[in-house]
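Here's the structure we're looking at; comments come further down.
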Amino acid sequence: MIRVCGKHSSRARLERSRLTTRRVSVFMDRPPTGALPSNPRTLVVIPTYNERGSISMLLREVRRLVDVDILVVDDSSPDGTADAVAHVQASDPAIHLLVRPRRLGLASAYITGFGHAMRHGYDLVFEMDADLSHSPRYIPLFLQEMREADLVIGSRYVPGGDIMDWNWLRHLVSRAGNLYARTILSSHLRDLTSGFKCFRVAALQRLNLSSISSEGYCFQIEMSHLFVCNGLRVVEIPIVFEERRAGQSKMSRRIVLEAMVRVWALRFASSPVPLRNTTCDPRLVRR
């Protein structure tokens with residue numbers, strides 16, 4: 001049943017979630033890839049296109065809460081997003097900006113960010129939306145869980161997870177999309193389309209990322225499926241997803257249609273992308 005709640009009750013649930021966040025794990029019966037140092041170097045990758053209204057606040061909040069570097073990958077936003085980032089960057093050397101010549105898409109931005117993390121010796125790399133729908137307050141919890149995982153997913157659909165201020169139709173579309181992908185892929189993950197993730201760079205280095213062909217919505221499905229299918233340890237933690245505070249959603253019918261078709265290709269592939277010395281292992285343990 002879809003619950004439709006007003007902003008007052010949504011805010012109350014958000015406040016409760018800060019105190020009752022619980023862990024729900026889905027993992028393979030093997031240790032994570034490699035060992036993390038006591039203070040892992042961490043990069044947060046934030047793709048942007050017309051996010052001037054929220055990006056400055058997000059950058060400052062992330063840097064206030066955790067000692068991480070940030071890479072903003074901007075696709076030449078016409079609203080001046082890059083200028084807003086540069087203004088914050090001028091007083092904080094941990095913020096980096098890459099401006100690309102045209103709109104190249106979400107998946108391309110993240111793969112570019114992953115490559116940056118690999119080349120510059122980072123241990124962990126985050127995916128994070130620029131519109132404040134992914135609250136920075138969860139980043140310390142992600143970092144804690146990465147001690148035992150190759151991938152941590154911020155999930156709206158495990159106990160303790162939620163979505164604030166969506167109408168019934170958006171809830172229905174999101175849940176139906178997740179159910180569709182989970183059913184086709186026989187996945188135990190509850191939120192395949194989540195875009196709030198943290199990866200071990202050592203695990204990403206085992207993958208041929210140039211072979212990933214999905215964009216947008218389906219890119220998130222493919223990355224999560226890739227890790228599970230190939231025996232990498234995945235953990236889901238509950239988050240409360242907040243409605244964007246500024247700008248417009250980048251979701252489109254084309255992106256949704258691509259996801260509906262692409263998941264079938266993932267279903268029948270023996271391995272979503274080529275790996276080094278790994279095989280698909282369906283043995284999952286839930287705790």
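Lettering and numbering for the structure tokens are positional, with chains as A, B, ... in the shown order, residues counted from 1 in each chain, and ligands counted from 1 in the shown order.
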Stretch 119-220 of chain A residues near stretch 41-54 of chain A within 10 Å, closest pair each, using only C-alpha atoms, as a Markdown table:
| residue | atom | partner | partner_atom | distance |
| --- | --- | --- | --- | --- |
| A:His120 | CA | A:Arg41 | CA | 9.7 |
| A:Gly121 | CA | A:Arg41 | CA | 7.7 |
| A:Tyr122 | CA | A:Arg41 | CA | 4.9 |
| A:Asp123 | CA | A:Arg41 | CA | 5.2 |
| A:Leu124 | CA | A:Thr42 | CA | 4.7 |
| A:Val125 | CA | A:Leu43 | CA | 4.7 |
| A:Phe126 | CA | A:Val44 | CA | 4.5 |
| A:Glu127 | CA | A:Val45 | CA | 5.4 |
| A:Met128 | CA | A:Ile46 | CA | 5.4 |
| A:Asp129 | CA | A:Ile46 | CA | 6.0 |
| A:Ala130 | CA | A:Ile46 | CA | 5.9 |
| A:Asp131 | CA | A:Ser54 | CA | 5.6 |
| A:Leu132 | CA | A:Ser54 | CA | 6.8 |
| A:Ile139 | CA | A:Val44 | CA | 9.7 |
| A:Leu143 | CA | A:Thr42 | CA | 9.0 |
| A:Lys197 | CA | A:Val44 | CA | 9.7 |
| A:Cys198 | CA | A:Val44 | CA | 8.6 |
| A:Phe199 | CA | A:Thr42 | CA | 9.8 |
| A:Arg200 | CA | A:Thr42 | CA | 9.5 |
| A:Val201 | CA | A:Thr42 | CA | 9.4 |
Inset, instruction - Find the spatial neighbours of A:Arg267, counting only C-alpha atoms, within a cut-off of 12 Å - ignore same-chain residues fewer than 5 positions away - and output them as a PyMOL selection string. - result: chain A and resi 180-187+221-222+225-226+229+260-262+272
Let's have the selection written as a compact mmCIF listing (two decimals), in the first residue's frame, with C-alpha atoms.
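See result38.txt below for the written result:
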# COMPACT_ATOMS: atom_id res chain seq x y z
CA TYR A 180 10.46 -4.69 -12.16
CA ALA A 181 14.28 -4.67 -12.06
CA ARG A 182 14.49 -6.87 -8.95
CA THR A 183 12.16 -9.45 -10.47
CA ILE A 184 13.94 -9.67 -13.83
CA LEU A 185 17.39 -9.80 -12.22
CA SER A 186 16.31 -12.08 -9.33
CA SER A 187 17.99 -9.56 -7.05
CA ILE A 221 20.88 -0.77 -11.68
CA GLU A 222 23.80 -2.07 -13.71
CA HIS A 225 23.88 -5.81 -10.24
CA LEU A 226 27.47 -5.99 -11.41
CA CYS A 229 26.64 -10.94 -9.63
CA MET A 260 13.06 -1.25 -18.96
CA VAL A 261 14.89 -2.68 -21.97
CA ARG A 262 18.41 -2.78 -20.59
CA PRO A 272 27.40 -7.58 -17.10
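Using only C-alpha atoms for every distance, the candidate list A:Ser194, A:Ser108, A:Ser210, A:Ser56 yields A:Ser56 as the residue closest to A:Thr81.
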Inset, instruction - Find the residues near A:Leu151: any atom within 9 Å, counting only C-alpha atoms, skip ones fewer than 4 places away on the same chain, and give them as an MDAnalysis selection string. - result: chainID A and resid 32 146 197:200 203 224 227 232:236
Inset, instruction - Mind listing the helix (DSSP H, G or I) residues of stretch 143-176 of chain A, per DSSP on the backbone, as a count of residues only? - result: 15
Legend entry - Residue among A:Ile163, A:Phe268, A:Thr33, A:Leu192 lying closest to A:Ala176, counting only C-alpha atoms: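 Closest to A:Ala176, using only C-alpha atoms: A:Leu192.
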Expected answer as a PDB file with C-alpha atoms, in the first residue's frame: strand (DSSP E or B) residues in stretch 43-212 of chain A:
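Wrote it out as out.pdb, contents follow:
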ATOM      1  CA  LEU A  43      36.330  11.310  -3.017  1.00  0.00           C
ATOM      2  CA  VAL A  44      32.700  12.402  -3.453  1.00  0.00           C
ATOM      3  CA  VAL A  45      31.708  12.680  -7.133  1.00  0.00           C
ATOM      4  CA  ILE A  46      28.807  15.029  -7.862  1.00  0.00           C
ATOM      5  CA  PRO A  47      27.583  15.360 -11.471  1.00  0.00           C
ATOM      6  CA  THR A  48      25.815  18.642 -12.239  1.00  0.00           C
ATOM      7  CA  ASP A  69      37.584  15.634  -1.293  1.00  0.00           C
ATOM      8  CA  ILE A  70      34.824  16.538  -3.755  1.00  0.00           C
ATOM      9  CA  LEU A  71      34.883  16.381  -7.541  1.00  0.00           C
ATOM     10  CA  VAL A  72      32.078  18.234  -9.318  1.00  0.00           C
ATOM     11  CA  VAL A  73      31.646  17.104 -12.932  1.00  0.00           C
ATOM     12  CA  ASP A  74      29.677  19.825 -14.673  1.00  0.00           C
ATOM     13  CA  ILE A  95      36.867  20.916  -3.885  1.00  0.00           C
ATOM     14  CA  HIS A  96      37.711  20.139  -7.507  1.00  0.00           C
ATOM     15  CA  LEU A  97      35.826  21.104 -10.641  1.00  0.00           C
ATOM     16  CA  LEU A  98      35.791  19.465 -14.063  1.00  0.00           C
ATOM     17  CA  VAL A  99      33.790  21.286 -16.731  1.00  0.00           C
ATOM     18  CA  LEU A 124      36.745   5.177  -1.535  1.00  0.00           C
ATOM     19  CA  VAL A 125      34.528   7.032  -3.986  1.00  0.00           C
ATOM     20  CA  PHE A 126      30.949   8.215  -3.528  1.00  0.00           C
ATOM     21  CA  GLU A 127      28.121   8.861  -5.948  1.00  0.00           C
ATOM     22  CA  LEU A 151      29.741  -1.233  -2.057  1.00  0.00           C
ATOM     23  CA  VAL A 152      27.356   0.512   0.334  1.00  0.00           C
ATOM     24  CA  ILE A 153      23.976   1.577  -1.051  1.00  0.00           C
ATOM     25  CA  GLY A 154      21.766   4.198   0.582  1.00  0.00           C
ATOM     26  CA  SER A 155      18.385   2.496   0.346  1.00  0.00           C
ATOM     27  CA  ASP A 162      11.806   6.505   3.407  1.00  0.00           C
ATOM     28  CA  ILE A 163      11.041   9.235   0.850  1.00  0.00           C
ATOM     29  CA  LYS A 197      26.487   4.900  -3.132  1.00  0.00           C
ATOM     30  CA  CYS A 198      30.041   4.403  -1.898  1.00  0.00           C
ATOM     31  CA  PHE A 199      32.507   2.073  -3.661  1.00  0.00           C
ATOM     32  CA  ARG A 200      35.885   0.664  -2.759  1.00  0.00           C
ATOM     33  CA  LEU A 207      36.001  -3.903 -13.596  1.00  0.00           C
TER      34      LEU A 207
END
Inset, instruction - Write out as a PyMOL selection string which residues come within 10 Å of A:Ser133 when counting only C-alpha atoms, dropping same-chain ones fewer than 6 positions away. - result: chain A and resi 58+163-164+196+240-245
How would the residues just picked look written out with C-alpha atoms as an mmCIF file, in the first residue's frame?
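For reference, out.cif as written:
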data_model
loop_
_atom_site.group_PDB
_atom_site.id
_atom_site.type_symbol
_atom_site.label_atom_id
_atom_site.label_comp_id
_atom_site.auth_asym_id
_atom_site.auth_seq_id
_atom_site.Cartn_x
_atom_site.Cartn_y
_atom_site.Cartn_z
ATOM 1 C CA LEU A 58 25.712 20.996 -0.641
ATOM 2 C CA ILE A 163 11.041 9.235 0.850
ATOM 3 C CA MET A 164 9.924 12.716 1.820
ATOM 4 C CA PHE A 196 23.605 7.381 -3.243
ATOM 5 C CA VAL A 240 15.500 9.159 3.927
ATOM 6 C CA PHE A 241 15.458 10.546 0.397
ATOM 7 C CA GLU A 242 14.435 14.211 0.348
ATOM 8 C CA GLU A 243 12.694 15.999 -2.514
ATOM 9 C CA ARG A 244 15.010 18.361 -4.407
ATOM 10 C CA ARG A 245 14.969 21.944 -3.120
#
Inset, instruction - Can you work out the spacing between atom CA of A:Asp67 and atom CA of A:Val158 in Å, to one decimal? - result: 27.8 Å
